[in-house]
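So this one's coords-v9.cif, mmCIF, C-alpha atoms (C1' of nucleotides):
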data_target
#
loop_
_atom_site.label_atom_id
_atom_site.label_comp_id
_atom_site.auth_asym_id
_atom_site.auth_seq_id
_atom_site.Cartn_x
_atom_site.Cartn_y
_atom_site.Cartn_z
CA MET A 114 29.04 14.03 12.69
CA ILE A 115 26.83 14.43 15.75
CA ARG A 116 24.48 16.96 14.23
CA GLY A 117 23.86 14.87 11.12
CA GLU A 118 23.15 11.73 13.11
CA GLN A 119 20.55 13.49 15.22
CA THR A 120 18.80 14.83 12.15
CA ARG A 121 18.73 11.39 10.64
CA ARG A 122 17.16 10.04 13.80
CA ASN A 123 14.47 12.71 13.71
CA ILE A 124 13.75 11.98 10.08
CA LEU A 125 13.33 8.27 10.66
CA ALA A 126 11.23 8.77 13.77
CA ARG A 127 8.74 10.68 11.65
CA ALA A 128 9.16 8.38 8.66
CA VAL A 129 8.08 5.23 10.50
CA ASP A 130 4.90 6.93 11.66
CA ILE A 131 4.01 8.18 8.20
CA ALA A 132 4.87 4.87 6.54
CA SER A 133 2.74 2.90 8.98
CA VAL A 134 -0.28 4.79 7.66
CA GLU A 135 0.58 5.78 4.10
CA GLY A 136 2.98 2.98 3.29
CA LEU A 137 6.57 3.17 2.13
CA GLU A 138 5.49 4.43 -1.29
CA GLY A 139 3.14 6.99 0.18
CA LEU A 140 6.08 8.17 2.28
CA SER A 141 7.13 11.00 -0.02
CA ILE A 142 10.29 12.96 0.51
CA GLY A 143 8.58 16.29 -0.01
CA ARG A 144 5.87 15.56 2.48
CA LEU A 145 8.38 14.27 5.01
CA ALA A 146 10.54 17.37 4.61
CA THR A 147 7.55 19.68 5.01
CA ASP A 148 6.46 17.89 8.18
CA LEU A 149 9.91 18.24 9.68
CA ASP A 150 10.50 21.81 8.46
CA VAL A 151 13.66 20.91 6.60
CA SER A 152 14.53 21.20 2.95
CA LYS A 153 13.71 18.36 0.61
CA SER A 154 17.26 18.28 -0.75
CA GLY A 155 18.85 18.32 2.68
CA LEU A 156 16.72 15.44 3.78
CA PHE A 157 17.37 13.56 0.58
CA ALA A 158 21.13 13.89 1.00
CA HIS A 159 21.00 11.75 4.12
CA PHE A 160 19.92 8.69 2.15
CA GLY A 161 20.84 9.18 -1.49
CA SER A 162 17.76 7.52 -2.89
CA LYS A 163 14.22 6.82 -1.92
CA GLU A 164 14.87 3.10 -1.64
CA GLU A 165 17.63 3.72 0.88
CA LEU A 166 15.26 5.89 2.88
CA GLN A 167 12.70 3.11 2.80
CA LEU A 168 15.22 0.52 3.96
CA ALA A 169 16.42 2.81 6.74
CA THR A 170 12.81 3.33 7.78
CA ILE A 171 12.29 -0.42 8.03
CA GLU A 172 15.43 -0.71 10.14
CA ALA A 173 14.20 2.02 12.47
CA ALA A 174 10.80 0.36 12.78
CA ALA A 175 12.45 -2.95 13.58
CA ARG A 176 14.36 -1.39 16.45
CA ILE A 177 11.18 0.06 17.88
CA PHE A 178 9.42 -3.28 17.50
CA TYR A 179 12.22 -5.07 19.30
CA ALA A 180 12.18 -2.57 22.14
CA GLU A 181 8.39 -2.73 22.47
CA VAL A 182 7.69 -6.42 22.03
CA ILE A 183 10.57 -8.86 21.94
CA GLY A 184 12.84 -7.27 24.51
CA PRO A 185 10.25 -6.91 27.28
CA ALA A 186 8.84 -10.40 26.68
CA LEU A 187 12.25 -12.01 26.89
CA VAL A 188 12.68 -10.89 30.49
CA THR A 189 10.26 -13.70 31.32
CA PRO A 190 12.28 -16.93 31.63
CA PRO A 191 11.70 -19.69 29.04
CA SER A 192 8.30 -21.13 29.84
CA PRO A 193 4.71 -21.13 28.58
CA ASP A 194 4.46 -17.74 30.26
CA ARG A 195 7.12 -16.37 27.95
CA VAL A 196 5.14 -17.47 24.91
CA TYR A 197 2.02 -15.80 26.20
CA HIS A 198 4.01 -12.73 27.12
CA LEU A 199 5.33 -12.43 23.56
CA LEU A 200 1.85 -12.51 22.11
CA ASP A 201 0.48 -10.23 24.77
CA ARG A 202 3.14 -7.66 24.08
CA TRP A 203 2.45 -7.92 20.36
CA LEU A 204 -1.24 -7.30 20.84
CA ALA A 205 -0.49 -4.32 23.07
CA TYR A 206 1.98 -3.02 20.48
CA SER A 207 -0.79 -3.04 17.91
CA ARG A 208 -3.64 -1.94 20.15
CA THR A 209 -1.83 1.03 21.68
CA ARG A 210 -0.72 2.14 18.21
CA VAL A 211 2.98 2.29 18.82
CA PHE A 212 2.78 3.15 15.13
CA PRO A 213 -0.29 5.22 14.30
CA GLY A 214 -1.16 2.92 11.41
CA GLY A 215 -1.06 -0.23 13.52
CA CYS A 216 1.61 -2.85 12.90
CA PHE A 217 4.25 -1.30 10.65
CA PHE A 218 5.25 -4.63 9.17
CA ALA A 219 1.73 -5.70 8.34
CA ARG A 220 1.28 -2.44 6.45
CA VAL A 221 4.47 -2.55 4.41
CA GLY A 222 4.41 -6.33 4.08
CA ALA A 223 1.12 -6.11 2.23
CA GLU A 224 2.52 -3.28 0.15
CA PHE A 225 5.63 -5.09 -1.04
CA GLY A 226 4.60 -8.72 -0.69
CA GLY A 227 3.97 -9.12 -4.39
CA ARG A 228 7.04 -7.18 -5.50
CA PRO A 229 10.45 -8.86 -5.21
CA GLY A 230 13.36 -6.64 -4.27
CA ARG A 231 15.48 -5.47 -1.39
CA ILE A 232 12.54 -4.07 0.52
CA ARG A 233 10.54 -7.27 0.44
CA ASP A 234 13.65 -9.21 1.43
CA ALA A 235 14.16 -6.98 4.45
CA ILE A 236 10.56 -7.43 5.53
CA ALA A 237 10.71 -11.18 5.01
CA GLU A 238 13.81 -11.48 7.15
CA LEU A 239 12.24 -9.54 10.00
CA ASP A 240 9.13 -11.68 9.77
CA CYS A 241 11.28 -14.81 9.98
CA THR A 242 13.06 -13.41 13.00
CA TRP A 243 9.82 -12.72 14.83
CA LEU A 244 8.35 -16.12 14.03
CA GLY A 245 11.64 -17.69 15.03
CA VAL A 246 11.57 -16.01 18.42
CA VAL A 247 8.05 -17.26 19.05
CA ALA A 248 8.82 -20.77 17.83
CA GLN A 249 11.93 -20.97 19.96
CA ALA A 250 10.03 -19.86 23.02
CA ILE A 251 7.49 -22.59 22.32
CA ALA A 252 10.20 -25.19 21.81
CA GLN A 253 11.96 -24.20 25.04
CA ALA A 254 8.69 -24.51 26.91
CA ARG A 255 8.21 -27.98 25.39
CA MET A 256 4.53 -27.33 24.89
CA GLU A 257 4.13 -28.53 21.33
CA SER A 258 5.57 -31.14 19.02
CA ASP A 259 5.55 -28.66 16.14
CA PRO A 260 6.62 -25.24 17.43
CA ASP A 261 6.57 -23.66 13.97
CA GLN A 262 2.96 -24.66 13.48
CA LEU A 263 1.87 -23.16 16.77
CA ALA A 264 3.91 -20.04 16.08
CA PHE A 265 2.14 -19.70 12.75
CA GLU A 266 -1.25 -19.92 14.42
CA LEU A 267 -0.46 -17.49 17.22
CA ASN A 268 0.97 -14.99 14.78
CA ALA A 269 -2.12 -15.39 12.62
CA TYR A 270 -4.40 -14.38 15.52
CA ALA A 271 -2.30 -11.32 16.23
CA ARG A 272 -2.13 -10.17 12.63
CA ALA A 273 -5.84 -10.73 12.14
CA ALA A 274 -6.64 -8.63 15.19
CA ASN A 275 -4.41 -5.84 13.93
CA ALA A 276 -6.05 -5.83 10.51
CA ALA A 277 -9.59 -6.07 11.83
CA SER A 278 -9.15 -3.28 14.37
CA LEU A 279 -7.82 -0.96 11.68
CA VAL A 280 -10.47 -1.69 9.10
CA HIS A 281 -13.43 -1.75 11.46
CA GLY A 282 -12.24 0.89 13.88
CA ASP A 283 -12.88 -1.02 17.09
CA ASP A 284 -10.98 -3.12 19.61
CA ASN A 285 -13.17 -6.23 19.67
CA ALA A 286 -10.74 -8.22 17.57
CA TYR A 287 -8.05 -7.92 20.24
CA GLU A 288 -10.26 -9.74 22.72
CA ARG A 289 -10.92 -12.45 20.16
CA ALA A 290 -7.21 -12.77 19.52
CA ASP A 291 -6.42 -12.96 23.21
CA ARG A 292 -9.03 -15.65 23.67
CA ALA A 293 -7.62 -17.60 20.73
CA VAL A 294 -4.08 -17.30 22.04
CA ARG A 295 -5.09 -18.47 25.51
CA ALA A 296 -6.99 -21.41 24.08
CA ALA A 297 -4.07 -22.41 21.87
CA LEU A 298 -1.73 -22.26 24.85
CA GLY A 299 -4.08 -24.33 26.94
CA ARG A 300 -4.99 -21.69 29.48
CA MET B 158 -24.64 1.52 -23.83
CA ILE B 159 -23.37 -1.87 -24.81
CA ARG B 160 -20.08 -0.63 -26.16
CA GLY B 161 -19.38 1.53 -23.12
CA GLU B 162 -20.31 -1.19 -20.69
CA GLN B 163 -17.89 -3.63 -22.28
CA THR B 164 -15.06 -1.13 -22.10
CA ARG B 165 -15.82 -0.50 -18.46
CA ARG B 166 -15.64 -4.21 -17.82
CA ASN B 167 -12.27 -4.45 -19.55
CA ILE B 168 -10.95 -1.55 -17.54
CA LEU B 169 -12.01 -3.03 -14.23
CA ALA B 170 -10.72 -6.48 -15.13
CA ARG B 171 -7.27 -4.98 -15.56
CA ALA B 172 -7.69 -2.63 -12.61
CA VAL B 173 -8.27 -5.38 -10.07
CA ASP B 174 -5.10 -7.16 -11.17
CA ILE B 175 -2.98 -4.04 -10.95
CA ALA B 176 -4.48 -2.98 -7.63
CA SER B 177 -3.88 -6.38 -6.07
CA VAL B 178 -0.15 -5.80 -6.58
CA GLU B 179 0.33 -2.03 -6.56
CA GLY B 180 -2.61 -1.09 -4.37
CA LEU B 181 -5.47 1.25 -5.09
CA GLU B 182 -3.19 4.28 -4.86
CA GLY B 183 -0.57 2.71 -7.08
CA LEU B 184 -3.35 2.09 -9.56
CA SER B 185 -2.76 5.17 -11.71
CA ILE B 186 -5.08 6.21 -14.48
CA GLY B 187 -2.27 6.86 -16.94
CA ARG B 188 -0.68 3.49 -16.36
CA LEU B 189 -4.03 1.75 -16.65
CA ALA B 190 -4.84 3.55 -19.91
CA THR B 191 -1.45 2.68 -21.38
CA ASP B 192 -1.87 -0.98 -20.46
CA LEU B 193 -5.27 -1.11 -22.16
CA ASP B 194 -4.27 0.98 -25.19
CA VAL B 195 -6.96 3.57 -24.61
CA SER B 196 -6.70 7.27 -23.95
CA LYS B 197 -6.36 8.49 -20.42
CA SER B 198 -9.26 10.91 -20.82
CA GLY B 199 -11.52 8.29 -22.36
CA LEU B 200 -10.86 5.97 -19.47
CA PHE B 201 -11.27 8.73 -16.94
CA ALA B 202 -14.68 9.67 -18.36
CA HIS B 203 -16.06 6.30 -17.31
CA PHE B 204 -15.61 7.07 -13.63
CA GLY B 205 -15.35 10.82 -13.16
CA SER B 206 -12.79 10.66 -10.39
CA LYS B 207 -10.09 8.40 -9.11
CA GLU B 208 -12.03 7.53 -5.98
CA GLU B 209 -14.97 6.34 -8.08
CA LEU B 210 -12.57 4.18 -10.07
CA GLN B 211 -11.20 2.75 -6.85
CA LEU B 212 -14.67 1.99 -5.52
CA ALA B 213 -15.67 0.37 -8.81
CA THR B 214 -12.50 -1.70 -8.67
CA ILE B 215 -13.38 -2.94 -5.20
CA GLU B 216 -16.85 -3.85 -6.44
CA ALA B 217 -15.41 -5.77 -9.36
CA ALA B 218 -13.01 -7.62 -7.08
CA ALA B 219 -15.86 -8.51 -4.76
CA ARG B 220 -17.77 -10.11 -7.61
CA ILE B 221 -14.76 -12.19 -8.57
CA PHE B 222 -14.25 -13.20 -4.95
CA TYR B 223 -17.85 -14.26 -4.64
CA ALA B 224 -17.67 -16.30 -7.83
CA GLU B 225 -14.42 -17.97 -6.82
CA VAL B 226 -14.94 -18.62 -3.13
CA ILE B 227 -18.37 -18.11 -1.62
CA GLY B 228 -20.53 -19.29 -4.51
CA PRO B 229 -18.77 -22.61 -5.05
CA ALA B 230 -18.60 -23.36 -1.34
CA LEU B 231 -22.28 -22.72 -0.81
CA VAL B 232 -23.20 -25.59 -3.12
CA THR B 233 -22.22 -27.81 -0.20
CA PRO B 234 -25.24 -28.10 2.09
CA PRO B 235 -25.03 -26.59 5.58
CA SER B 236 -22.65 -28.82 7.53
CA PRO B 237 -19.12 -28.94 8.86
CA ASP B 238 -18.16 -29.80 5.29
CA ARG B 239 -19.44 -26.44 4.11
CA VAL B 240 -17.27 -24.64 6.63
CA TYR B 241 -14.20 -26.53 5.51
CA HIS B 242 -15.16 -25.95 1.89
CA LEU B 243 -15.33 -22.20 2.43
CA LEU B 244 -11.85 -22.12 3.89
CA ASP B 245 -10.49 -24.51 1.31
CA ARG B 246 -11.81 -22.33 -1.51
CA TRP B 247 -10.32 -19.27 0.13
CA LEU B 248 -6.90 -20.86 0.37
CA ALA B 249 -7.11 -21.96 -3.26
CA TYR B 250 -8.22 -18.45 -4.23
CA SER B 251 -5.07 -17.07 -2.67
CA ARG B 252 -2.69 -19.87 -3.66
CA THR B 253 -3.68 -19.94 -7.33
CA ARG B 254 -3.40 -16.16 -7.48
CA VAL B 255 -6.84 -15.39 -8.78
CA PHE B 256 -5.40 -11.91 -8.33
CA PRO B 257 -1.70 -11.74 -9.14
CA GLY B 258 -0.97 -9.94 -5.88
CA GLY B 259 -2.72 -12.53 -3.72
CA CYS B 260 -5.87 -11.64 -1.85
CA PHE B 261 -7.13 -8.33 -3.20
CA PHE B 262 -8.82 -7.37 0.06
CA ALA B 263 -5.80 -8.08 2.21
CA ARG B 264 -3.77 -5.78 -0.02
CA VAL B 265 -6.16 -2.85 -0.08
CA GLY B 266 -7.34 -3.43 3.48
CA ALA B 267 -3.81 -2.83 4.74
CA GLU B 268 -3.56 0.18 2.46
CA PHE B 269 -6.69 1.94 3.71
CA GLY B 270 -7.10 0.42 7.15
CA GLY B 271 -5.74 3.48 8.89
CA ARG B 272 -7.55 5.99 6.68
CA PRO B 273 -11.26 6.56 7.23
CA GLY B 274 -13.35 7.20 4.16
CA ARG B 275 -15.59 5.61 1.60
CA ILE B 276 -12.95 3.15 0.49
CA ARG B 277 -12.25 1.81 3.94
CA ASP B 278 -15.98 1.55 4.57
CA ALA B 279 -16.44 -0.51 1.43
CA ILE B 280 -13.63 -2.85 2.43
CA ALA B 281 -14.94 -3.16 5.96
CA GLU B 282 -18.39 -4.10 4.73
CA LEU B 283 -17.04 -6.80 2.46
CA ASP B 284 -14.92 -8.16 5.28
CA CYS B 285 -18.00 -8.31 7.49
CA THR B 286 -19.90 -10.11 4.77
CA TRP B 287 -17.20 -12.76 4.39
CA LEU B 288 -16.86 -13.31 8.13
CA GLY B 289 -20.63 -13.43 8.38
CA VAL B 290 -20.87 -16.16 5.75
CA VAL B 291 -18.29 -18.23 7.59
CA ALA B 292 -19.89 -17.65 10.98
CA GLN B 293 -23.32 -18.53 9.67
CA ALA B 294 -22.03 -21.73 8.15
CA ILE B 295 -20.51 -22.61 11.52
CA ALA B 296 -23.73 -21.79 13.33
CA GLN B 297 -25.81 -23.87 10.94
CA ALA B 298 -23.47 -26.80 11.44
CA ARG B 299 -23.84 -26.38 15.21
CA MET B 300 -20.17 -27.06 15.72
CA GLU B 301 -19.32 -24.24 18.12
CA SER B 302 -20.94 -22.23 20.86
CA ASP B 303 -19.29 -19.05 19.55
CA PRO B 304 -19.38 -19.06 15.74
CA ASP B 305 -17.89 -15.57 15.46
CA GLN B 306 -14.87 -16.61 17.46
CA LEU B 307 -14.22 -19.66 15.32
CA ALA B 308 -14.77 -17.61 12.15
CA PHE B 309 -12.19 -15.12 13.39
CA GLU B 310 -9.65 -17.87 13.94
CA LEU B 311 -10.24 -19.59 10.60
CA ASN B 312 -10.02 -16.30 8.76
CA ALA B 313 -6.81 -15.53 10.62
CA TYR B 314 -5.17 -18.71 9.35
CA ALA B 315 -6.17 -17.94 5.79
CA ARG B 316 -4.99 -14.33 5.89
CA ALA B 317 -1.72 -15.33 7.51
CA ALA B 318 -1.06 -17.91 4.81
CA ASN B 319 -1.76 -15.34 2.11
CA ALA B 320 0.60 -12.80 3.65
CA ALA B 321 3.37 -15.30 4.34
CA SER B 322 3.29 -16.83 0.87
CA LEU B 323 3.60 -13.38 -0.71
CA VAL B 324 6.40 -12.13 1.48
CA HIS B 325 8.43 -15.33 1.52
CA GLY B 326 7.64 -16.54 -1.96
CA ASP B 327 6.73 -20.11 -1.09
CA ASP B 328 3.63 -22.20 -0.51
CA ASN B 329 4.50 -23.72 2.87
CA ALA B 330 2.17 -21.43 4.73
CA TYR B 331 -0.84 -22.84 2.89
CA GLU B 332 -0.13 -26.28 4.32
CA ARG B 333 0.18 -24.81 7.79
CA ALA B 334 -3.11 -22.98 7.32
CA ASP B 335 -4.85 -26.11 6.08
CA ARG B 336 -3.53 -28.04 9.07
CA ALA B 337 -4.74 -25.31 11.43
CA VAL B 338 -8.17 -25.21 9.80
CA ARG B 339 -8.56 -28.98 10.00
CA ALA B 340 -7.50 -28.99 13.63
CA ALA B 341 -9.91 -26.20 14.50
CA LEU B 342 -12.73 -28.06 12.77
CA GLY B 343 -11.88 -31.29 14.58
CA ARG B 344 -10.80 -33.28 11.58
"C1'" DT C 109 44.28 33.00 9.76
"C1'" DA C 110 43.68 29.53 5.94
"C1'" DA C 111 42.08 25.38 4.24
"C1'" DC C 112 39.03 21.76 4.72
"C1'" DT C 113 34.77 18.96 5.99
"C1'" DG C 114 30.03 18.07 7.16
"C1'" DC C 115 25.50 19.66 6.65
"C1'" DA C 116 21.63 22.03 4.92
"C1'" DC C 117 19.70 25.09 1.61
"C1'" DG C 118 17.07 26.88 -2.77
"C1'" DA C 119 16.31 26.26 -7.52
"C1'" DA C 120 15.50 23.54 -11.18
"C1'" DC C 121 15.16 19.16 -13.90
"C1'" DG C 122 11.97 15.81 -16.50
"C1'" DA C 123 8.35 12.73 -15.49
"C1'" DT C 124 3.94 11.61 -13.94
"C1'" DC C 125 -0.02 12.42 -11.23
"C1'" DG C 126 -5.44 13.56 -11.31
"C1'" DT C 127 -8.48 16.46 -13.63
"C1'" DA C 128 -10.74 19.74 -16.94
"C1'" DC C 129 -11.85 21.14 -21.25
"C1'" DT C 130 -12.88 20.56 -26.48
"C1'" DA C 131 -12.94 17.82 -30.62
"C1'" DT C 132 -13.70 13.74 -33.04
"C1'" DT C 133 -15.40 9.30 -33.93
"C1'" DA C 134 -18.94 5.53 -33.89
"C1'" DC C 135 -23.30 3.77 -33.18
"C1'" DC C 136 -28.66 3.68 -32.83
"C1'" DC C 137 -33.06 5.16 -34.38
"C1'" DG C 138 -36.37 7.26 -37.32
"C1'" DC D 112 -29.60 7.69 -45.31
"C1'" DG D 113 -28.97 11.35 -41.96
"C1'" DG D 114 -29.08 13.43 -37.41
"C1'" DG D 115 -28.32 12.98 -32.53
"C1'" DT D 116 -26.22 11.02 -28.76
"C1'" DA D 117 -22.99 8.22 -26.40
"C1'" DA D 118 -18.11 6.96 -26.35
"C1'" DT D 119 -13.49 7.89 -27.11
"C1'" DA D 120 -9.51 10.85 -28.26
"C1'" DG D 121 -6.65 15.02 -27.90
"C1'" DT D 122 -4.64 18.64 -25.40
"C1'" DA D 123 -3.49 21.23 -21.63
"C1'" DC D 124 -3.45 22.59 -16.64
"C1'" DG D 125 -1.24 22.85 -11.98
"C1'" DA D 126 0.70 19.95 -8.53
"C1'" DT D 127 3.86 16.78 -6.90
"C1'" DC D 128 7.09 13.09 -7.59
"C1'" DG D 129 12.40 11.63 -7.10
"C1'" DT D 130 16.61 13.51 -8.23
"C1'" DT D 131 20.66 16.67 -9.33
"C1'" DC D 132 23.36 20.67 -8.84
"C1'" DG D 133 25.69 24.62 -7.03
"C1'" DT D 134 26.14 27.37 -2.94
"C1'" DG D 135 26.65 28.99 1.86
"C1'" DC D 136 27.25 28.41 6.60
"C1'" DA D 137 29.40 26.16 10.90
"C1'" DG D 138 32.91 23.91 13.01
"C1'" DT D 139 37.33 21.57 13.10
"C1'" DT D 140 42.12 21.17 11.85
"C1'" DA D 141 46.59 22.97 10.21
#
Can you dump the structure from the file as structure tokens?
Amino acid sequence: MIRGEQTRRNILARAVDIASVEGLEGLSIGRLATDLDVSKSGLFAHFGSKEELQLATIEAAARIFYAEVIGPALVTPPSPDRVYHLLDRWLAYSRTRVFPGGCFFARVGAEFGGRPGRIRDAIAELDCTWLGVVAQAIAQARMESDPDQLAFELNAYARAANAASLVHGDDNAYERADRAVRAALGR
Amino acid sequence: MIRGEQTRRNILARAVDIASVEGLEGLSIGRLATDLDVSKSGLFAHFGSKEELQLATIEAAARIFYAEVIGPALVTPPSPDRVYHLLDRWLAYSRTRVFPGGCFFARVGAEFGGRPGRIRDAIAELDCTWLGVVAQAIAQARMESDPDQLAFELNAYARAANAASLVHGDDNAYERADRAVRAALGR
DNA sequence: TAACTGCACGAACGATCGTACTATTACCCG
DNA sequence: CGGGTAATAGTACGATCGTTCGTGCAGTTA
């Protein structure tokens, strides 16, 4: 019981890193097993199918995201500061490469966006959750008549910075995003 | 010459559609050949390697993008209208699924963003070109002291709408993006 | 000690990947 | 019309994909 659970944890810890760069399709069982020095069949037995491995990887990434971004930002009491803190944590989460391939969800969202199925559904739900947290923080701070609209715009800045930094290999976009966030929040 | 060129065109026309959904890695030569009812080896001979096929596919997608977005918008003379027109064409390009998987460059940019190489370089250059066109239009309209900053924000709205519509399967995000663009342009 | 359970292993499956050859067709030019 | 070249087809390769199966080892329970 205990031994198996620890192995599973190790597998997923490595899986999220690989998937953030190579995608959930590029995450091959053989490659993952080789990296971890375990047998392909032993690893496979933990999940039963590739799709289950992919879903478990998304779950693991979501936990990391929550611990890195949402959790820390929610220590700030409801206020405009909390909204800024959420975005600031998100930008740091991308910039410091909590996942080596940048934002995990941007990577796999683009991969499965055009393909309906359980994986896309899981990603969509997590995206809704994140946007919901931001919108609620905005609503609680009473800083905007349309919290969802502002949440959309703030999230757009963050995602754009993540994408630009990855493609162009520099950090300039994060400064642009920070400036845009501050302007949108009236700072 | 003529016969071969036409075949190449047919191949790339199908390739961009597949790659916009499955990515440039998911674009397999066998699958592509089957779809087009040609032999795998005959198709392969046109490019010599998979990477060359991928680069040619990016080139073909860029031409379509130019014809669908940049070209039409540039008929509007330099002005705030031109800036809005550029963004409006972009949103239509994504919403009407000129590529079945949404924006081709968002898809493959996420795929190769974390992986240096010729493909990422090609994507980065095209991204720079697009942002440059938008920034120049802003500068010519003299609507902002920092055209690059505004171009970043407008592009962010568009990309976010593309991603959201794909993942969530609805068109709401395009209205949010349009609202954000109009607000940013002071309309 | 005997039976059972959880976990990982190696070997092998058929399918598909990108790529390399050779053979065959189809077209252009003299 | 015939010869040469460009374009396509055919076949085969080694590698890797996801998956299945049977087996052995470790630890717990009876």
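Atom to atom, atom CA of Leu307 of chain B and atom CA of Ala286 of chain A stand 12.2 Å apart.
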What do you get, as a PDB file with C-alpha atoms (C1' of nucleotides), in the frame of the given file, if you spell out every residue that the PyMOL selection byres ((chain C) within 8 of (chain B)) selects here?
ATOM      1  C1'  DC C 125      -0.020  12.420 -11.230  1.00  0.00           C
ATOM      2  C1'  DG C 126      -5.440  13.560 -11.310  1.00  0.00           C
ATOM      3  C1'  DT C 127      -8.480  16.460 -13.630  1.00  0.00           C
TER       4       DT C 127
END
>> Selection in question (the file shown): the PyMOL selection byres ((chain B) within 10 of (chain D)). Which residues does it include, as a list in words?
In response: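 This file gives the following for the PyMOL selection byres ((chain B) within 10 of (chain D)): Met158, Arg160, Gly161, Thr164, Val195, Ser196, Lys197, Ser198, Gly199, Leu200, Ala202 and His203 of chain B.
Counting only C-alpha atoms, every residue of chain A that comes within 7 Å of chain B is listed here: A:Val134, A:Gly214, A:Arg220, A:Gly222, A:Ala223, A:Glu224, A:Gly226, A:Gly227, A:Arg233, A:Ala237, A:Gln262, A:Glu266, A:Ala269, A:Tyr270, A:Ala273, A:Ala276, A:Leu279, A:Val280, A:His281, A:Arg289.
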>> Report, in Å with one decimal, the straight-line distance from atom CA of Thr242 of chain A to atom CA of Ala296 of chain A.
In response: 24.3 Å
> Any chance you could work out the residue set of the PyMOL selection byres ((chain A and resi 185) around 12) here, as a PyMOL selection string?
Replying inline: chain A and resi 177-184+186-190+195-196+198-203+205-206
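Distance-wise, atom CA of Ala298 of chain B and atom CA of Pro237 of chain B end up 5.5 Å apart.
Residues surrounding Pro304 of chain B within 10 Å are Leu288, Gly289, Val291, Ala292, Gln293, Ala294, Ile295, Ala296, Gln297, Ala298, Arg299, Met300, Glu301, Leu307, Ala308, Phe309 and Glu310 of chain B [all atoms listed in the file; sequence separation below 3 positions excluded].
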> Which residues, written as a PyMOL selection string, have at least one atom at most 6 Å from segment 127-132 of chain A, with all atoms listed in the file counted and residues fewer than 4 positions away on the same chain left out?
Replying inline: chain A and resi 136-137+140+170+212
Return segment 275-287 of chain B, completed with N, CA and C atoms, as a short mmCIF file (atom, residue, chain, number, x, y, z; two decimals), in the frame of the given file.
data_model
loop_
_atom_site.label_atom_id
_atom_site.label_comp_id
_atom_site.auth_asym_id
_atom_site.auth_seq_id
_atom_site.Cartn_x
_atom_site.Cartn_y
_atom_site.Cartn_z
N ARG B 275 -14.68 6.49 2.32
CA ARG B 275 -15.59 5.61 1.60
C ARG B 275 -14.92 4.29 1.23
N ILE B 276 -13.64 4.36 0.92
CA ILE B 276 -12.95 3.15 0.49
C ILE B 276 -12.81 2.17 1.64
N ARG B 277 -12.37 2.69 2.79
CA ARG B 277 -12.25 1.81 3.94
C ARG B 277 -13.61 1.23 4.32
N ASP B 278 -14.64 2.04 4.25
CA ASP B 278 -15.98 1.55 4.57
C ASP B 278 -16.38 0.40 3.66
N ALA B 279 -16.09 0.55 2.37
CA ALA B 279 -16.44 -0.51 1.43
C ALA B 279 -15.69 -1.80 1.75
N ILE B 280 -14.43 -1.67 2.08
CA ILE B 280 -13.63 -2.85 2.43
C ILE B 280 -14.15 -3.49 3.71
N ALA B 281 -14.46 -2.65 4.68
CA ALA B 281 -14.94 -3.16 5.96
C ALA B 281 -16.24 -3.95 5.77
N GLU B 282 -17.11 -3.43 4.94
CA GLU B 282 -18.39 -4.10 4.73
C GLU B 282 -18.19 -5.47 4.09
N LEU B 283 -17.30 -5.52 3.12
CA LEU B 283 -17.04 -6.80 2.46
C LEU B 283 -16.42 -7.80 3.43
N ASP B 284 -15.54 -7.29 4.29
CA ASP B 284 -14.92 -8.16 5.28
C ASP B 284 -15.98 -8.72 6.22
N CYS B 285 -16.90 -7.86 6.63
CA CYS B 285 -18.00 -8.31 7.49
C CYS B 285 -18.83 -9.38 6.79
N THR B 286 -19.09 -9.14 5.52
CA THR B 286 -19.90 -10.11 4.77
C THR B 286 -19.23 -11.48 4.76
N TRP B 287 -17.94 -11.49 4.44
CA TRP B 287 -17.20 -12.76 4.39
C TRP B 287 -17.21 -13.45 5.74
#
